[in-house]
Amino acid sequence: MPADFNWAIGGEAGDGIDSTGKIFARALSRAGRHVFTSKDFASRIRGGYTAYKVRTAIDPVESTVDRLDVLIALTQRTVDENLEELHEGSVIIYDGERTSMQDLEIPDGMVGMDVPLKSLAEDAGGAIMRNIVALGAACEVTDFPIEHLASSLEKRFGDKGQSIVENNKAAADLGAEFVEENYEAASAEFEYELETTDENYVLINGDEAIGMGALAAGCRFYSGYPITPATDVMEYLTGRLERYGGHVVQAEDELSAINMALGAARAGARSMTATSGPGIDLMTETFGLVAQSETPLVICDVMRSGPSTGMPTKQEQGDLNMTLYGGHGEIPRFVVAPTTIAECFWKTVEAFNYAEKYQTPVYLVSDLEMAVTEQTFPPEAFDMDEVEIDRGKLVDEDEVEEWLDEEGRFRAHAATEDGISPRAKPGTTDGAHMSTGLEHNELGRRTEDTEVRMEQVHKRERKVETAKEREDWSPREFGNPDADNLVVSWGSNEGTINEAMDLMDEDAPEFRFLSVPYLFPRPDLTEAFEAAEQVVVVECNATGQFADVLEHDTLQRVDRVNKYNGVGFKADELAAEITEVLQ
Amino acid sequence: MSSETRFIDFKSDKQPTWCPGCGDFGTMNGMMKALANTGNDPDNTFVVAGIGCSGKIGTYMHSYALHGVHGRALPVGTGVKMANPDLEVMVAGGDGDGYSIGSGHFIHAVRRNVDMSYVVMDNRIYGLTKGQASPTSREDFETATTPQGPKQPPVNPLALALSAGGTFIAQSFASDAQRHAELVQQAIEHDGFGFVNVFSPCVTFNDTDTYDYFRDNLTDLAETDHDASDFDQAKERILDGDSEYQGVLYQDENSVPYHEAHGVTEDMTEIPDGAPENATDLVREFY
Ligand SMILES: Cc1ncc(C[n+]2csc(CCOP(=O)(O)OP(=O)(O)O)c2C)c(N)n1
Ligand code: SF4
């Protein structure tokens, strides 16, 4: 019996696939099991195929695999789409009373469980609960104690009233009873038994982790314009930010969103906006202004497949070049890319600190798969006592005096040794000054004086140099540190590569794995590259943007593993590909 | 300090590079007077400006200020006001800045009703880029980029504001110093978005909408029986394409500014040293 169990529900968009999947995922995490979910969805709200997959095990799971053990199929297409992932012994739960499913052919070796989802749901109080009937059936098949499902239903529907919770529980029970009565033999033969533990886990996705990181870091103002897959950041913050005295504005467009965030930041609040590639395009002009006016701002790019509108609901890591180089002129910036969902939290906290310490825009780069994937973590992974806030050189009424010129004017862009100037928030006596996107002198006033221009360019560059010295930009390291081969990756591939390592044959080539969360400034990998016989860079894009950057940094050629069909890497697939490249 | 603030305190030591005679001089003086008269001082005032000759205004004034990118000054002002509702926020720009590239923001700023003032120096031309047609240029106004005139009706900014739910809509004339300062002051004092379209002639590129033209054609609403609280009267005057008015066209006395409607009262700039006290609850939500 494999250690992990894989389950999915699929149907039409609008069938409640997402919330059903989430209810099951939460039931598992409440039962002390680790969970990793993934979503397959089209950008239409109705009429598109969607699926929600759950992988679960007692040990942590960090990626998906190409295997399905139980599938709840609400449509024929669900079976067709997942045929390759089904295997001998897989169970397909479907509703044969549904006209379109009457002729469903169960592939050889698999078990079809024809459960009258709709009519059982009606018995429990309403057809709308048919997915919950299916969840009950799935519990019975897998010997998963149904009380955990009940507790998840409680959490999901609790605020809608106890009678709704009770009806849903009844629906789940009817599904379980039906399987017990009609398919007892088949469930007994089923290979998987979902044990439970006493652990408490947090089940969270990347967008939520970014939102939670922002709250922990003292973010008070958020403005954004809805776009997949970044919208969940805004949805998470809405209401919650207000609890801490902050505010969320849904702006009229991304141009407005970033400018509002800039205004709030300029006023002295920790401020953020989040969007995806097309939104970053629109924000780029203001991105330059943020840097030139030395305003601390966190701009989150949750990447999706491009260019242009590309594939809005599909995975890609195609915006690296844009975040590194986007904008006219030369723009000092930081680019930070969390590598796991838990890191989405920590890197958001760091991003706010970098922004204020160095008075620059910070790109926080995540991606679609990380955004929509839910994963379990022990609560210690988000230890709030570890959160540190550093507001940098924010000066108060007294300190301002040190920074006035002989005429009493505040030197907001003083060319200090570390490149970081004092920052006075509006309201500070004697700190009044103008900020501008124009080249300016120490006072913030427009200049075209060649000397002053050079001085300010150097000053802004010096901030980055200072940060390189003061902060730890190390990669995260895994695998065998002494192995001859080196695998490098950025962003959300970390978990998948780690799982791939576990899946690889004993005689497969070993490697040292560096997962890089800091894209600018970034670690100098020259030594690691020189020590390696072969270097492979893994990323979800066609051209190998990170591989290019690393070749440029280290003056050494690398091999590349790229995926750009819109679906992220799978552990088993990556195990095979890395093995092949290293052979 | 505020009670002693004089308008000169809002003046920076930087000499304006506007053409001699430009309407923007008068517009700016009126803004500074209004700020001083309303008891503000440079340290609690934030001026946001866009791009254009008009946008240079933040440079010549002394306060906390941001000179932003073309067309985006209003969202910046919104962010400033939200982050710290105690600040006096004034946004300034040109007709190109506000009604062309920034027209989307204009409508949304009006309907948001953020408590700030917005002063537009309407010279019916693009000044800084040397004389192209602007959204308020007349249909037959000939420029290098519109040799036969724009051949499309000008934007009516007051009508846009009224239809978007504007709560304070006024128009002034840069050279009528007294009235202009008064109207900007009323915009500042208004609880919500105080919008003032200022006729601010460009003496270099616009020989149609000149000081003389406005002097001859402007009707001051104070000298009429106009009732600014009457929406229908305001609508009629605003849509009357044949007249140019000075004064408050419309004011909603019951206006509730955005931050009040949304319960934003706190200064958002002060935060704890670490995660907020009850932050662990945020984690527990995901159990
Ligand atoms: C994105 C962008 N497009 C174009 C410009 C060039 N530009 C500068 S000022 C201006 C027009 C300003 O006209 P208006 O707002 O009427 O101001 P005025 O100069 O007349 O006061 C333009 C098009 C720019 N700075 N940025
Ligand atoms: S070009 Fe026109 S708007 Fe610009 S400064 Fe000269 S007169 Fe004023």
# chains A, B, ... in the order shown; residues from 1 in each chain; ligands from 1

call {"tool": "interface_residues", "arguments": {"of": "chain A", "to": "chain B", "cutoff": "8 Å", "atoms": "only C-alpha atoms", "output": "PyMOL selection string"}}
result
chain A and resi 26+29-30+200-204+212+215-218+220-221+245-247+252+255-257+259-270+285-286+289+379+382-385+387-390+426-437+445

call {"tool": "residues_near_ligand", "arguments": {"ligand": "ligand 2", "cutoff": "7 Å", "atoms": "only C-alpha atoms and all ligand atoms", "output": "number ranges by chain"}}
result
B: 18-19, 21-24, 53-54, 123, 127-128, 130, 201-205

call {"tool": "select_by_dssp", "arguments": {"residues": "stretch 10-148 of chain B", "states": "strand (DSSP E)", "output": "list in words"}}
result
Thr45, Phe46, Val47, Val48, Ala49, Tyr64, Ala65, Leu66, His67, Glu88, Val89, Met90, Val91, Ala92, Gly93, Gly94, Ser117, Tyr118, Val119, Val120, Met121 and Asp122 of chain B

call {"tool": "residues_near_ligand", "arguments": {"ligand": "ligand 1", "cutoff": "9 Å", "atoms": "only C-alpha atoms and all ligand atoms", "output": "VMD selection string"}}
result
(chain A and resid 285) or (chain B and resid 24 50 to 56 69 to 71 93 to 101 120 to 136 200 202)

call {"tool": "atom_distance", "arguments": {"atom1": "atom CA of A:Leu174", "atom2": "atom CA of A:Arg33"}}
result
24.4 Å

call {"tool": "select_by_dssp", "arguments": {"residues": "stretch 256-288 of chain A", "states": "helix (DSSP H, G or I)", "output": "PyMOL selection string"}}
result
chain A and resi 256-266+277-288

call {"tool": "write_last_selection", "arguments": {"atoms": "N, CA, C and O atoms", "output": "PDB file, in the first residue's frame"}}
result
ATOM      1  N   SER A 256      -4.117  52.740 -10.808  1.00  0.00           N
ATOM      2  CA  SER A 256      -4.620  53.350  -9.599  1.00  0.00           C
ATOM      3  C   SER A 256      -4.137  52.563  -8.380  1.00  0.00           C
ATOM      4  O   SER A 256      -3.706  53.154  -7.386  1.00  0.00           O
ATOM      5  N   ALA A 257      -4.205  51.250  -8.460  1.00  0.00           N
ATOM      6  CA  ALA A 257      -3.834  50.416  -7.307  1.00  0.00           C
ATOM      7  C   ALA A 257      -2.427  50.737  -6.830  1.00  0.00           C
ATOM      8  O   ALA A 257      -2.195  50.981  -5.641  1.00  0.00           O
ATOM      9  N   ILE A 258      -1.493  50.761  -7.757  1.00  0.00           N
ATOM     10  CA  ILE A 258      -0.107  50.982  -7.311  1.00  0.00           C
ATOM     11  C   ILE A 258       0.085  52.427  -6.858  1.00  0.00           C
ATOM     12  O   ILE A 258       0.828  52.707  -5.923  1.00  0.00           O
ATOM     13  N   ASN A 259      -0.634  53.360  -7.478  1.00  0.00           N
ATOM     14  CA  ASN A 259      -0.475  54.749  -7.060  1.00  0.00           C
ATOM     15  C   ASN A 259      -1.100  55.018  -5.694  1.00  0.00           C
ATOM     16  O   ASN A 259      -0.571  55.800  -4.915  1.00  0.00           O
ATOM     17  N   MET A 260      -2.202  54.358  -5.414  1.00  0.00           N
ATOM     18  CA  MET A 260      -2.779  54.489  -4.065  1.00  0.00           C
ATOM     19  C   MET A 260      -1.813  53.912  -3.037  1.00  0.00           C
ATOM     20  O   MET A 260      -1.575  54.514  -1.981  1.00  0.00           O
ATOM     21  N   ALA A 261      -1.286  52.746  -3.361  1.00  0.00           N
ATOM     22  CA  ALA A 261      -0.356  52.104  -2.425  1.00  0.00           C
ATOM     23  C   ALA A 261       0.867  52.991  -2.221  1.00  0.00           C
ATOM     24  O   ALA A 261       1.376  53.128  -1.100  1.00  0.00           O
ATOM     25  N   LEU A 262       1.308  53.612  -3.297  1.00  0.00           N
ATOM     26  CA  LEU A 262       2.439  54.540  -3.207  1.00  0.00           C
ATOM     27  C   LEU A 262       2.089  55.719  -2.297  1.00  0.00           C
ATOM     28  O   LEU A 262       2.899  56.137  -1.450  1.00  0.00           O
ATOM     29  N   GLY A 263       0.894  56.248  -2.451  1.00  0.00           N
ATOM     30  CA  GLY A 263       0.478  57.375  -1.617  1.00  0.00           C
ATOM     31  C   GLY A 263       0.474  56.999  -0.142  1.00  0.00           C
ATOM     32  O   GLY A 263       0.997  57.727   0.707  1.00  0.00           O
ATOM     33  N   ALA A 264      -0.104  55.825   0.144  1.00  0.00           N
ATOM     34  CA  ALA A 264      -0.167  55.384   1.542  1.00  0.00           C
ATOM     35  C   ALA A 264       1.240  55.160   2.090  1.00  0.00           C
ATOM     36  O   ALA A 264       1.541  55.514   3.239  1.00  0.00           O
ATOM     37  N   ALA A 265       2.112  54.596   1.255  1.00  0.00           N
ATOM     38  CA  ALA A 265       3.483  54.348   1.695  1.00  0.00           C
ATOM     39  C   ALA A 265       4.198  55.665   1.952  1.00  0.00           C
ATOM     40  O   ALA A 265       4.938  55.818   2.922  1.00  0.00           O
ATOM     41  N   ARG A 266       3.954  56.617   1.072  1.00  0.00           N
ATOM     42  CA  ARG A 266       4.585  57.927   1.208  1.00  0.00           C
ATOM     43  C   ARG A 266       4.114  58.607   2.499  1.00  0.00           C
ATOM     44  O   ARG A 266       4.850  59.351   3.135  1.00  0.00           O
ATOM     45  N   GLY A 277       0.926  39.178 -14.011  1.00  0.00           N
ATOM     46  CA  GLY A 277       1.695  39.768 -15.106  1.00  0.00           C
ATOM     47  C   GLY A 277       1.083  40.964 -15.822  1.00  0.00           C
ATOM     48  O   GLY A 277       1.711  42.029 -15.904  1.00  0.00           O
ATOM     49  N   PRO A 278      -0.150  40.852 -16.359  1.00  0.00           N
ATOM     50  CA  PRO A 278      -0.715  41.992 -17.077  1.00  0.00           C
ATOM     51  C   PRO A 278      -0.816  43.235 -16.191  1.00  0.00           C
ATOM     52  O   PRO A 278      -0.632  44.365 -16.659  1.00  0.00           O
ATOM     53  N   GLY A 279      -1.086  43.041 -14.926  1.00  0.00           N
ATOM     54  CA  GLY A 279      -1.164  44.149 -13.984  1.00  0.00           C
ATOM     55  C   GLY A 279       0.218  44.744 -13.731  1.00  0.00           C
ATOM     56  O   GLY A 279       0.370  45.966 -13.606  1.00  0.00           O
ATOM     57  N   ILE A 280       1.223  43.873 -13.674  1.00  0.00           N
ATOM     58  CA  ILE A 280       2.592  44.379 -13.487  1.00  0.00           C
ATOM     59  C   ILE A 280       2.966  45.266 -14.673  1.00  0.00           C
ATOM     60  O   ILE A 280       3.583  46.324 -14.511  1.00  0.00           O
ATOM     61  N   ASP A 281       2.562  44.838 -15.878  1.00  0.00           N
ATOM     62  CA  ASP A 281       2.817  45.683 -17.052  1.00  0.00           C
ATOM     63  C   ASP A 281       2.285  47.093 -16.813  1.00  0.00           C
ATOM     64  O   ASP A 281       2.974  48.084 -17.043  1.00  0.00           O
ATOM     65  N   LEU A 282       1.051  47.184 -16.352  1.00  0.00           N
ATOM     66  CA  LEU A 282       0.442  48.494 -16.147  1.00  0.00           C
ATOM     67  C   LEU A 282       1.116  49.267 -15.014  1.00  0.00           C
ATOM     68  O   LEU A 282       1.127  50.490 -15.010  1.00  0.00           O
ATOM     69  N   MET A 283       1.647  48.561 -14.061  1.00  0.00           N
ATOM     70  CA  MET A 283       2.236  49.237 -12.898  1.00  0.00           C
ATOM     71  C   MET A 283       3.662  49.702 -13.134  1.00  0.00           C
ATOM     72  O   MET A 283       4.232  50.426 -12.314  1.00  0.00           O
ATOM     73  N   THR A 284       4.226  49.278 -14.251  1.00  0.00           N
ATOM     74  CA  THR A 284       5.668  49.456 -14.397  1.00  0.00           C
ATOM     75  C   THR A 284       6.099  50.919 -14.403  1.00  0.00           C
ATOM     76  O   THR A 284       7.147  51.270 -13.872  1.00  0.00           O
ATOM     77  N   GLU A 285       5.305  51.806 -14.989  1.00  0.00           N
ATOM     78  CA  GLU A 285       5.704  53.215 -14.999  1.00  0.00           C
ATOM     79  C   GLU A 285       5.825  53.733 -13.563  1.00  0.00           C
ATOM     80  O   GLU A 285       6.801  54.395 -13.203  1.00  0.00           O
ATOM     81  N   THR A 286       4.833  53.404 -12.762  1.00  0.00           N
ATOM     82  CA  THR A 286       4.852  53.874 -11.384  1.00  0.00           C
ATOM     83  C   THR A 286       5.927  53.165 -10.562  1.00  0.00           C
ATOM     84  O   THR A 286       6.472  53.735  -9.617  1.00  0.00           O
ATOM     85  N   PHE A 287       6.244  51.929 -10.954  1.00  0.00           N
ATOM     86  CA  PHE A 287       7.330  51.214 -10.286  1.00  0.00           C
ATOM     87  C   PHE A 287       8.605  52.069 -10.315  1.00  0.00           C
ATOM     88  O   PHE A 287       9.331  52.186  -9.327  1.00  0.00           O
ATOM     89  N   GLY A 288       8.860  52.689 -11.462  1.00  0.00           N
ATOM     90  CA  GLY A 288      10.025  53.572 -11.579  1.00  0.00           C
ATOM     91  C   GLY A 288       9.918  54.760 -10.635  1.00  0.00           C
ATOM     92  O   GLY A 288      10.894  55.152  -9.993  1.00  0.00           O
TER      93      GLY A 288
END
